Amino acid sequence: MLHHNIIIFSDLDGCLLDHNDYSFAAAKPLLEELKQHGIPLIINSSKTQMEIEPIQQEMNIDLPFIIENGAAIFFNSRVNNKPFNINHETLEKIAYYQIKKFAMFRETLLSITNGIKGKYKFLYKGFSDMTSAQIAELTQLSTDDAFAASQRYFSEPVLWQDNQARLMQFKELLAEHEIELIQGGRFIHLCGQYSKGEAMQWLLDHWQADNSAKQTVIALGDSMNDVSMLNNSDYAIVIKNNGQKLKVNGKIQTIYSSLPGTSGWVETLSTLLNQLIPITR
């Protein structure tokens, strides 16, 4: 049963996971309280299905999750997907997941972007150009985790090695093919025209609440690729990121953390939840 119809959507890197060591140890007590009080947490990340799956298992979360900046929603057919009102015949299948996709597959994406890169001699390296060891060196992930990060269905993270003017030219050329360039925490992401906010809204539209009370949506993010999700919430929590200051829709109640990473995630979300509903600690 949902508690006061509160639903939480959260980014991972730099938010629920610390940027440096990818740990969420500081959030474990709050995650357990969310579980006890029936407050669902939906992961909405640039990460892949192969990356998110073990994180959800470790966090004891069995809800759907959103991958690759909103490219698709993954429903695990091995668990009960209530309270979602979904015609499963309209979903596609990947392994034991049913998915709602909003994007072209990666093979199509790379065919277009590699053609543009070759013609205009742009300087960048994508994950598809790198070995797992090279990705691990850039991200400080283990080789196994780097391999999981490279297993993408819909998008391509790239390390830009050209100048800013050329980046703007590349962005304009991509737009002609309905491909967007999104700035993430460490990498630029090449992807179709979709967003975290669009995938989030699709889930909310298919949410079967236990009563007719309005859903209260909380979203937490720290990067530009989180803005569409933050703008689609009732309460936007912006986690401190020394690299950029996010601007959220002025009509949204916005909270800025004073701490980065997991500590900021716990600090702000705990305070907000204590205002919305008293949680005994």
# chains A, B, ... in the order shown; residues from 1 in each chain; ligands from 1
>>> residues_around(residues="Lys196 (chain A)", least_positions_apart="4", cutoff="12 Å", atoms="only C-alpha atoms", output="ChimeraX atom specification")
/A:9-11,42-47,65-73,101-103,182,191-192,200-203,219-221,223-233
>>> write_last_selection(atoms="N, CA and C atoms", output="CSV table (one decimal), in the first residue's frame")
chain,number,residue,atom,x,y,z
A,9,PHE,N,11.4,9.4,-7.5
A,9,PHE,CA,12.2,9.0,-8.6
A,9,PHE,C,13.6,9.6,-8.3
A,10,SER,N,14.6,8.8,-8.5
A,10,SER,CA,16.0,9.2,-8.2
A,10,SER,C,17.0,8.8,-9.3
A,11,ASP,N,17.9,9.7,-9.6
A,11,ASP,CA,19.1,9.4,-10.3
A,11,ASP,C,20.0,8.6,-9.4
A,42,ILE,N,11.7,4.7,-7.5
A,42,ILE,CA,12.0,4.3,-8.9
A,42,ILE,C,13.3,4.9,-9.3
A,43,ILE,N,14.2,4.0,-9.7
A,43,ILE,CA,15.5,4.5,-10.2
A,43,ILE,C,15.4,4.9,-11.6
A,44,ASN,N,15.9,6.1,-11.9
A,44,ASN,CA,15.8,6.8,-13.2
A,44,ASN,C,17.2,7.3,-13.5
A,45,SER,N,17.9,6.5,-14.3
A,45,SER,CA,19.4,6.7,-14.4
A,45,SER,C,19.9,6.6,-15.8
A,46,SER,N,21.1,7.1,-16.0
A,46,SER,CA,21.8,7.0,-17.3
A,46,SER,C,22.4,5.6,-17.4
A,47,LYS,N,22.4,4.8,-16.3
A,47,LYS,CA,23.0,3.5,-16.3
A,47,LYS,C,22.2,2.5,-17.1
A,65,PHE,N,12.4,0.0,-13.3
A,65,PHE,CA,13.5,1.0,-13.3
A,65,PHE,C,13.6,1.6,-14.7
A,66,ILE,N,14.1,2.8,-14.8
A,66,ILE,CA,14.3,3.5,-16.1
A,66,ILE,C,15.8,3.6,-16.4
A,67,ILE,N,16.1,3.1,-17.6
A,67,ILE,CA,17.6,3.1,-18.0
A,67,ILE,C,17.9,4.1,-19.0
A,68,GLU,N,19.2,4.4,-19.1
A,68,GLU,CA,19.8,5.2,-20.2
A,68,GLU,C,19.1,6.5,-20.5
A,69,ASN,N,18.9,7.2,-19.4
A,69,ASN,CA,18.4,8.6,-19.5
A,69,ASN,C,16.9,8.6,-20.0
A,70,GLY,N,16.2,7.6,-19.7
A,70,GLY,CA,14.8,7.6,-20.1
A,70,GLY,C,14.5,6.8,-21.4
A,71,ALA,N,15.4,6.1,-21.9
A,71,ALA,CA,15.3,5.3,-23.1
A,71,ALA,C,14.2,4.2,-23.0
A,72,ALA,N,14.1,3.6,-21.9
A,72,ALA,CA,13.1,2.5,-21.7
A,72,ALA,C,12.9,2.3,-20.2
A,73,ILE,N,11.7,1.7,-20.0
A,73,ILE,CA,11.3,1.3,-18.6
A,73,ILE,C,11.4,-0.2,-18.6
A,101,LYS,N,9.8,1.0,-24.5
A,101,LYS,CA,10.9,1.8,-25.0
A,101,LYS,C,10.4,3.1,-25.7
A,102,PHE,N,11.3,4.1,-25.6
A,102,PHE,CA,11.0,5.4,-26.2
A,102,PHE,C,12.1,5.8,-27.2
A,103,ALA,N,12.9,4.8,-27.6
A,103,ALA,CA,14.1,5.2,-28.3
A,103,ALA,C,14.4,4.2,-29.5
A,182,ILE,N,23.2,14.9,-24.7
A,182,ILE,CA,22.9,15.3,-23.3
A,182,ILE,C,24.2,15.2,-22.5
A,191,CYS,N,21.8,10.1,-27.8
A,191,CYS,CA,20.6,9.3,-27.6
A,191,CYS,C,19.5,9.9,-28.5
A,192,GLY,N,18.4,9.2,-28.6
A,192,GLY,CA,17.2,9.7,-29.3
A,192,GLY,C,16.5,10.8,-28.6
A,200,MET,N,9.4,8.9,-16.9
A,200,MET,CA,8.8,9.1,-15.6
A,200,MET,C,7.3,9.4,-15.7
A,201,GLN,N,6.9,10.2,-16.6
A,201,GLN,CA,5.4,10.6,-16.7
A,201,GLN,C,4.6,9.4,-17.2
A,202,TRP,N,5.2,8.6,-18.1
A,202,TRP,CA,4.5,7.4,-18.6
A,202,TRP,C,4.2,6.4,-17.4
A,203,LEU,N,5.2,6.3,-16.5
A,203,LEU,CA,5.0,5.4,-15.4
A,203,LEU,C,3.9,6.0,-14.5
A,219,ALA,N,11.5,14.1,-6.9
A,219,ALA,CA,12.5,13.7,-7.8
A,219,ALA,C,13.9,14.2,-7.3
A,220,LEU,N,14.9,13.4,-7.4
A,220,LEU,CA,16.2,13.8,-7.0
A,220,LEU,C,17.3,13.6,-8.1
A,221,GLY,N,18.0,14.7,-8.4
A,221,GLY,CA,19.0,14.6,-9.5
A,221,GLY,C,20.1,15.7,-9.2
A,223,SER,N,22.4,16.5,-12.3
A,223,SER,CA,23.0,16.8,-13.6
A,223,SER,C,22.0,17.3,-14.6
A,224,MET,N,22.4,17.9,-15.7
A,224,MET,CA,21.5,18.4,-16.7
A,224,MET,C,20.6,17.4,-17.2
A,225,ASN,N,21.0,16.1,-17.3
A,225,ASN,CA,20.1,15.1,-17.8
A,225,ASN,C,19.0,14.7,-16.8
A,226,ASP,N,19.0,15.4,-15.7
A,226,ASP,CA,18.0,15.1,-14.7
A,226,ASP,C,16.9,16.2,-14.7
A,227,VAL,N,17.1,17.3,-15.4
A,227,VAL,CA,16.2,18.5,-15.4
A,227,VAL,C,14.8,18.1,-15.8
A,228,SER,N,14.6,17.3,-16.8
A,228,SER,CA,13.3,17.0,-17.2
A,228,SER,C,12.5,16.2,-16.2
A,229,MET,N,13.2,15.4,-15.4
A,229,MET,CA,12.6,14.6,-14.3
A,229,MET,C,12.3,15.6,-13.2
A,230,LEU,N,13.2,16.4,-12.8
A,230,LEU,CA,13.0,17.4,-11.7
A,230,LEU,C,11.8,18.3,-12.1
A,231,ASN,N,11.7,18.7,-13.3
A,231,ASN,CA,10.6,19.6,-13.8
A,231,ASN,C,9.3,18.9,-13.8
A,232,ASN,N,9.3,17.6,-13.7
A,232,ASN,CA,8.0,16.9,-13.8
A,232,ASN,C,7.5,16.4,-12.4
A,233,SER,N,8.1,17.0,-11.4
A,233,SER,CA,7.8,16.5,-10.0
A,233,SER,C,7.1,17.6,-9.2
>>> select_by_dssp(residues="region 118-274 of chain A", states="alpha helix (DSSP H)", output="VMD selection string")
chain A and resid 118 to 120 132 to 139 143 to 150 164 to 175 196 to 205 227 to 231 261 to 274
>>> closest_residue(among="A:Phe154, A:Phe127, A:Trp265, A:Tyr235", to="Ile188 (chain A)", atoms="only C-alpha atoms")
A:Phe127
>>> select_by_dssp(residues="region 26-271 of chain A", states="strand (DSSP E or B)", output="number ranges by chain")
A: 41-44, 65-67, 72-76, 84, 92-94, 97-101, 124-126, 156-160, 179-183, 188-192, 207, 216-221, 235-240, 253-260
>>> write_last_selection(atoms="C-alpha atoms", output="compact mmCIF listing (two decimals), in the first residue's frame")
# COMPACT_ATOMS: atom_id res chain seq x y z
CA LEU A 41 11.59 4.43 -5.09
CA ILE A 42 11.98 4.33 -8.88
CA ILE A 43 15.53 4.46 -10.19
CA ASN A 44 15.80 6.79 -13.20
CA PHE A 65 13.46 1.00 -13.34
CA ILE A 66 14.29 3.49 -16.07
CA ILE A 67 17.55 3.07 -17.99
CA ALA A 72 13.14 2.52 -21.69
CA ILE A 73 11.32 1.27 -18.62
CA PHE A 74 12.19 -2.28 -17.57
CA PHE A 75 9.57 -4.43 -15.85
CA ASN A 76 10.91 -7.64 -14.35
CA PHE A 84 0.83 -0.63 -12.64
CA GLU A 92 8.52 -5.58 -25.97
CA LYS A 93 10.66 -8.31 -24.43
CA ILE A 94 14.35 -8.44 -23.58
CA TYR A 97 12.08 -8.20 -18.87
CA GLN A 98 9.12 -6.55 -20.50
CA ILE A 99 10.07 -3.08 -21.66
CA LYS A 100 8.40 0.13 -22.71
CA LYS A 101 10.91 1.79 -25.03
CA TYR A 124 35.62 11.86 -29.52
CA LYS A 125 35.69 8.32 -28.21
CA GLY A 126 32.52 6.41 -27.44
CA GLU A 156 26.25 5.91 -26.43
CA PRO A 157 28.31 7.78 -23.81
CA VAL A 158 31.22 9.64 -25.39
CA LEU A 159 34.32 11.39 -24.13
CA TRP A 160 34.48 14.65 -26.12
CA ILE A 179 19.38 12.50 -32.05
CA GLU A 180 20.18 14.54 -28.96
CA LEU A 181 23.39 15.28 -27.13
CA ILE A 182 22.90 15.25 -23.34
CA GLN A 183 25.53 16.33 -20.83
CA ILE A 188 28.17 13.31 -23.09
CA HIS A 189 25.35 10.92 -24.00
CA LEU A 190 24.19 10.45 -27.60
CA CYS A 191 20.59 9.32 -27.63
CA GLY A 192 17.22 9.67 -29.33
CA TRP A 207 0.20 4.02 -11.74
CA THR A 216 2.99 13.48 -4.54
CA VAL A 217 6.06 13.10 -6.73
CA ILE A 218 9.58 13.69 -5.42
CA ALA A 219 12.54 13.68 -7.80
CA LEU A 220 16.24 13.82 -6.99
CA GLY A 221 19.03 14.63 -9.46
CA TYR A 235 9.24 18.49 -5.13
CA ALA A 236 12.56 18.75 -6.96
CA ILE A 237 15.65 17.96 -4.91
CA VAL A 238 18.87 19.15 -6.54
CA ILE A 239 21.91 17.39 -5.12
CA LYS A 240 25.02 19.54 -4.85
CA GLN A 253 9.12 23.50 -5.08
CA THR A 254 12.89 23.10 -5.23
CA ILE A 255 15.29 22.05 -2.50
CA TYR A 256 19.09 22.31 -2.86
CA SER A 257 21.30 20.05 -0.78
CA SER A 258 24.27 21.48 1.05
CA LEU A 259 26.17 18.20 0.72
CA PRO A 260 27.05 16.22 -2.42
>>> residues_around(residues="Ser128 (chain A)", least_positions_apart="6", cutoff="12 Å", atoms="only C-alpha atoms", output="PDB file with C-alpha atoms, in the first residue's frame")
ATOM      1  CA  ARG A 106      21.858   1.556 -30.297  1.00  0.00           C
ATOM      2  CA  GLU A 107      22.822  -0.116 -33.575  1.00  0.00           C
ATOM      3  CA  LEU A 109      22.059   5.279 -33.406  1.00  0.00           C
ATOM      4  CA  LEU A 110      25.710   4.322 -34.003  1.00  0.00           C
ATOM      5  CA  SER A 111      25.174   3.892 -37.721  1.00  0.00           C
ATOM      6  CA  THR A 113      26.553   9.062 -35.470  1.00  0.00           C
ATOM      7  CA  ASN A 114      29.572   7.202 -36.843  1.00  0.00           C
ATOM      8  CA  GLN A 134      39.743   1.633 -20.921  1.00  0.00           C
ATOM      9  CA  ILE A 135      36.247   2.410 -19.600  1.00  0.00           C
ATOM     10  CA  ALA A 146      32.877  -1.224 -16.806  1.00  0.00           C
ATOM     11  CA  PHE A 147      31.711  -4.083 -19.010  1.00  0.00           C
ATOM     12  CA  ALA A 149      28.320   0.017 -18.302  1.00  0.00           C
ATOM     13  CA  SER A 150      29.166  -0.696 -21.926  1.00  0.00           C
ATOM     14  CA  GLN A 151      26.189  -3.028 -22.476  1.00  0.00           C
ATOM     15  CA  ARG A 152      23.806  -0.389 -23.756  1.00  0.00           C
ATOM     16  CA  TYR A 153      20.606  -0.926 -25.705  1.00  0.00           C
ATOM     17  CA  SER A 155      22.543   5.180 -26.137  1.00  0.00           C
ATOM     18  CA  GLU A 156      26.246   5.914 -26.433  1.00  0.00           C
ATOM     19  CA  PRO A 157      28.311   7.779 -23.814  1.00  0.00           C
ATOM     20  CA  VAL A 158      31.216   9.643 -25.386  1.00  0.00           C
ATOM     21  CA  LEU A 159      34.324  11.391 -24.132  1.00  0.00           C
ATOM     22  CA  LEU A 190      24.191  10.453 -27.597  1.00  0.00           C
TER      23      LEU A 190
END
>>> residues_around(residues="Lys121 (chain A)", least_positions_apart="5", cutoff="10 Å", atoms="only C-alpha atoms", output="count of residues only")
5
>>> atom_distance(atom1="CA of Gly118 (chain A)", atom2="CA of Thr48 (chain A)")
26.6 Å
>>> closest_residue(among="A:Gln56, A:Asn20, A:Gln215, A:Thr139", to="Phe187 (chain A)", atoms="only C-alpha atoms")
A:Thr139
>>> closest_residue(among="A:Asp205, A:Glu33, A:Asp21, A:Glu51", to="Asp144 (chain A)", atoms="only C-alpha atoms")
A:Glu51
>>> atom_distance(atom1="CA of Arg186 (chain A)", atom2="CA of Gly14 (chain A)")
10.2 Å
>>> decode(residues="region 16-66 of chain A", atoms="N, CA and C atoms", output="tab-separated table (two decimals), in the first residue's frame")
chain	number	residue	atom	x	y	z
A	16	LEU	N	22.08	9.11	-5.26
A	16	LEU	CA	21.95	7.97	-4.36
A	16	LEU	C	23.27	7.22	-4.25
A	17	LEU	N	24.09	7.27	-5.30
A	17	LEU	CA	25.43	6.70	-5.26
A	17	LEU	C	26.45	7.83	-5.22
A	18	ASP	N	27.44	7.72	-4.35
A	18	ASP	CA	28.50	8.73	-4.32
A	18	ASP	C	29.30	8.70	-5.61
A	19	HIS	N	29.75	9.87	-6.04
A	19	HIS	CA	30.47	9.98	-7.31
A	19	HIS	C	31.81	9.24	-7.28
A	20	ASN	N	32.48	9.27	-6.16
A	20	ASN	CA	33.84	8.74	-6.11
A	20	ASN	C	33.91	7.23	-5.97
A	21	ASP	N	33.11	6.66	-5.07
A	21	ASP	CA	33.22	5.22	-4.81
A	21	ASP	C	31.94	4.45	-5.13
A	22	TYR	N	30.90	5.14	-5.64
A	22	TYR	CA	29.63	4.50	-6.03
A	22	TYR	C	28.94	3.78	-4.87
A	23	SER	N	29.23	4.20	-3.65
A	23	SER	CA	28.63	3.58	-2.48
A	23	SER	C	27.30	4.26	-2.14
A	24	PHE	N	26.36	3.49	-1.56
A	24	PHE	CA	25.13	4.08	-1.02
A	24	PHE	C	24.97	3.72	0.45
A	25	ALA	N	26.08	3.41	1.11
A	25	ALA	CA	26.03	2.95	2.50
A	25	ALA	C	25.31	3.93	3.41
A	26	ALA	N	25.54	5.23	3.21
A	26	ALA	CA	24.91	6.23	4.07
A	26	ALA	C	23.40	6.28	3.91
A	27	ALA	N	22.88	5.76	2.80
A	27	ALA	CA	21.44	5.81	2.53
A	27	ALA	C	20.70	4.57	3.00
A	28	LYS	N	21.41	3.54	3.43
A	28	LYS	CA	20.75	2.28	3.76
A	28	LYS	C	19.65	2.41	4.82
A	29	PRO	N	19.86	3.15	5.91
A	29	PRO	CA	18.76	3.28	6.89
A	29	PRO	C	17.51	3.95	6.30
A	30	LEU	N	17.71	4.99	5.48
A	30	LEU	CA	16.56	5.67	4.88
A	30	LEU	C	15.87	4.78	3.85
A	31	LEU	N	16.65	4.02	3.07
A	31	LEU	CA	16.05	3.09	2.11
A	31	LEU	C	15.18	2.07	2.82
A	32	GLU	N	15.63	1.60	3.96
A	32	GLU	CA	14.84	0.63	4.73
A	32	GLU	C	13.55	1.27	5.25
A	33	GLU	N	13.62	2.54	5.66
A	33	GLU	CA	12.41	3.23	6.13
A	33	GLU	C	11.41	3.42	4.99
A	34	LEU	N	11.90	3.75	3.81
A	34	LEU	CA	11.00	3.87	2.66
A	34	LEU	C	10.28	2.56	2.41
A	35	LYS	N	11.01	1.47	2.49
A	35	LYS	CA	10.43	0.14	2.27
A	35	LYS	C	9.36	-0.14	3.33
A	36	GLN	N	9.67	0.14	4.58
A	36	GLN	CA	8.74	-0.13	5.68
A	36	GLN	C	7.47	0.69	5.56
A	37	HIS	N	7.57	1.89	5.05
A	37	HIS	CA	6.41	2.78	4.97
A	37	HIS	C	5.73	2.74	3.61
A	38	GLY	N	6.14	1.80	2.77
A	38	GLY	CA	5.46	1.63	1.48
A	38	GLY	C	5.63	2.79	0.53
A	39	ILE	N	6.76	3.48	0.59
A	39	ILE	CA	7.05	4.59	-0.31
A	39	ILE	C	7.94	4.07	-1.43
A	40	PRO	N	7.44	3.97	-2.64
A	40	PRO	CA	8.22	3.39	-3.73
A	40	PRO	C	9.32	4.31	-4.22
A	41	LEU	N	10.46	3.71	-4.54
A	41	LEU	CA	11.59	4.43	-5.09
A	41	LEU	C	11.88	3.87	-6.48
A	42	ILE	N	11.73	4.71	-7.49
A	42	ILE	CA	11.98	4.33	-8.88
A	42	ILE	C	13.33	4.89	-9.31
A	43	ILE	N	14.24	4.02	-9.68
A	43	ILE	CA	15.53	4.46	-10.19
A	43	ILE	C	15.37	4.95	-11.62
A	44	ASN	N	15.90	6.15	-11.88
A	44	ASN	CA	15.80	6.79	-13.20
A	44	ASN	C	17.20	7.30	-13.53
A	45	SER	N	17.95	6.51	-14.29
A	45	SER	CA	19.39	6.71	-14.39
A	45	SER	C	19.89	6.65	-15.83
A	46	SER	N	21.10	7.13	-16.03
A	46	SER	CA	21.78	6.95	-17.32
A	46	SER	C	22.42	5.57	-17.41
A	47	LYS	N	22.40	4.82	-16.32
A	47	LYS	CA	23.02	3.50	-16.29
A	47	LYS	C	22.24	2.49	-17.12
A	48	THR	N	22.88	1.36	-17.37
A	48	THR	CA	22.29	0.30	-18.18
A	48	THR	C	21.50	-0.67	-17.30
A	49	GLN	N	20.72	-1.52	-17.98
A	49	GLN	CA	19.99	-2.57	-17.27
A	49	GLN	C	20.95	-3.47	-16.49
A	50	MET	N	22.10	-3.80	-17.10
A	50	MET	CA	23.05	-4.69	-16.45
A	50	MET	C	23.68	-4.05	-15.22
A	51	GLU	N	23.77	-2.72	-15.20
A	51	GLU	CA	24.30	-2.01	-14.04
A	51	GLU	C	23.24	-1.86	-12.94
A	52	ILE	N	22.02	-1.52	-13.35
A	52	ILE	CA	20.98	-1.21	-12.36
A	52	ILE	C	20.48	-2.46	-11.66
A	53	GLU	N	20.40	-3.56	-12.37
A	53	GLU	CA	19.83	-4.78	-11.80
A	53	GLU	C	20.50	-5.20	-10.49
A	54	PRO	N	21.84	-5.32	-10.41
A	54	PRO	CA	22.45	-5.71	-9.12
A	54	PRO	C	22.32	-4.63	-8.05
A	55	ILE	N	22.27	-3.35	-8.46
A	55	ILE	CA	22.09	-2.27	-7.48
A	55	ILE	C	20.72	-2.39	-6.84
A	56	GLN	N	19.69	-2.65	-7.66
A	56	GLN	CA	18.34	-2.83	-7.10
A	56	GLN	C	18.29	-4.03	-6.17
A	57	GLN	N	18.95	-5.10	-6.54
A	57	GLN	CA	18.96	-6.29	-5.69
A	57	GLN	C	19.60	-5.98	-4.34
A	58	GLU	N	20.71	-5.24	-4.37
A	58	GLU	CA	21.40	-4.90	-3.12
A	58	GLU	C	20.56	-3.95	-2.28
A	59	MET	N	19.78	-3.10	-2.94
A	59	MET	CA	18.91	-2.16	-2.22
A	59	MET	C	17.57	-2.77	-1.83
A	60	ASN	N	17.34	-4.01	-2.25
A	60	ASN	CA	16.08	-4.71	-1.98
A	60	ASN	C	14.89	-3.98	-2.60
A	61	ILE	N	15.06	-3.55	-3.85
A	61	ILE	CA	14.00	-2.88	-4.61
A	61	ILE	C	13.55	-3.82	-5.72
A	62	ASP	N	12.26	-4.05	-5.83
A	62	ASP	CA	11.74	-4.94	-6.88
A	62	ASP	C	10.75	-4.22	-7.80
A	63	LEU	N	10.92	-2.92	-7.93
A	63	LEU	CA	10.06	-2.11	-8.79
A	63	LEU	C	10.68	-1.95	-10.18
A	64	PRO	N	9.90	-1.50	-11.15
A	64	PRO	CA	10.47	-1.20	-12.47
A	64	PRO	C	11.55	-0.12	-12.35
A	65	PHE	N	12.42	-0.04	-13.35
A	65	PHE	CA	13.46	1.00	-13.34
A	65	PHE	C	13.62	1.55	-14.75
A	66	ILE	N	14.14	2.76	-14.81
A	66	ILE	CA	14.29	3.49	-16.07
A	66	ILE	C	15.78	3.57	-16.40
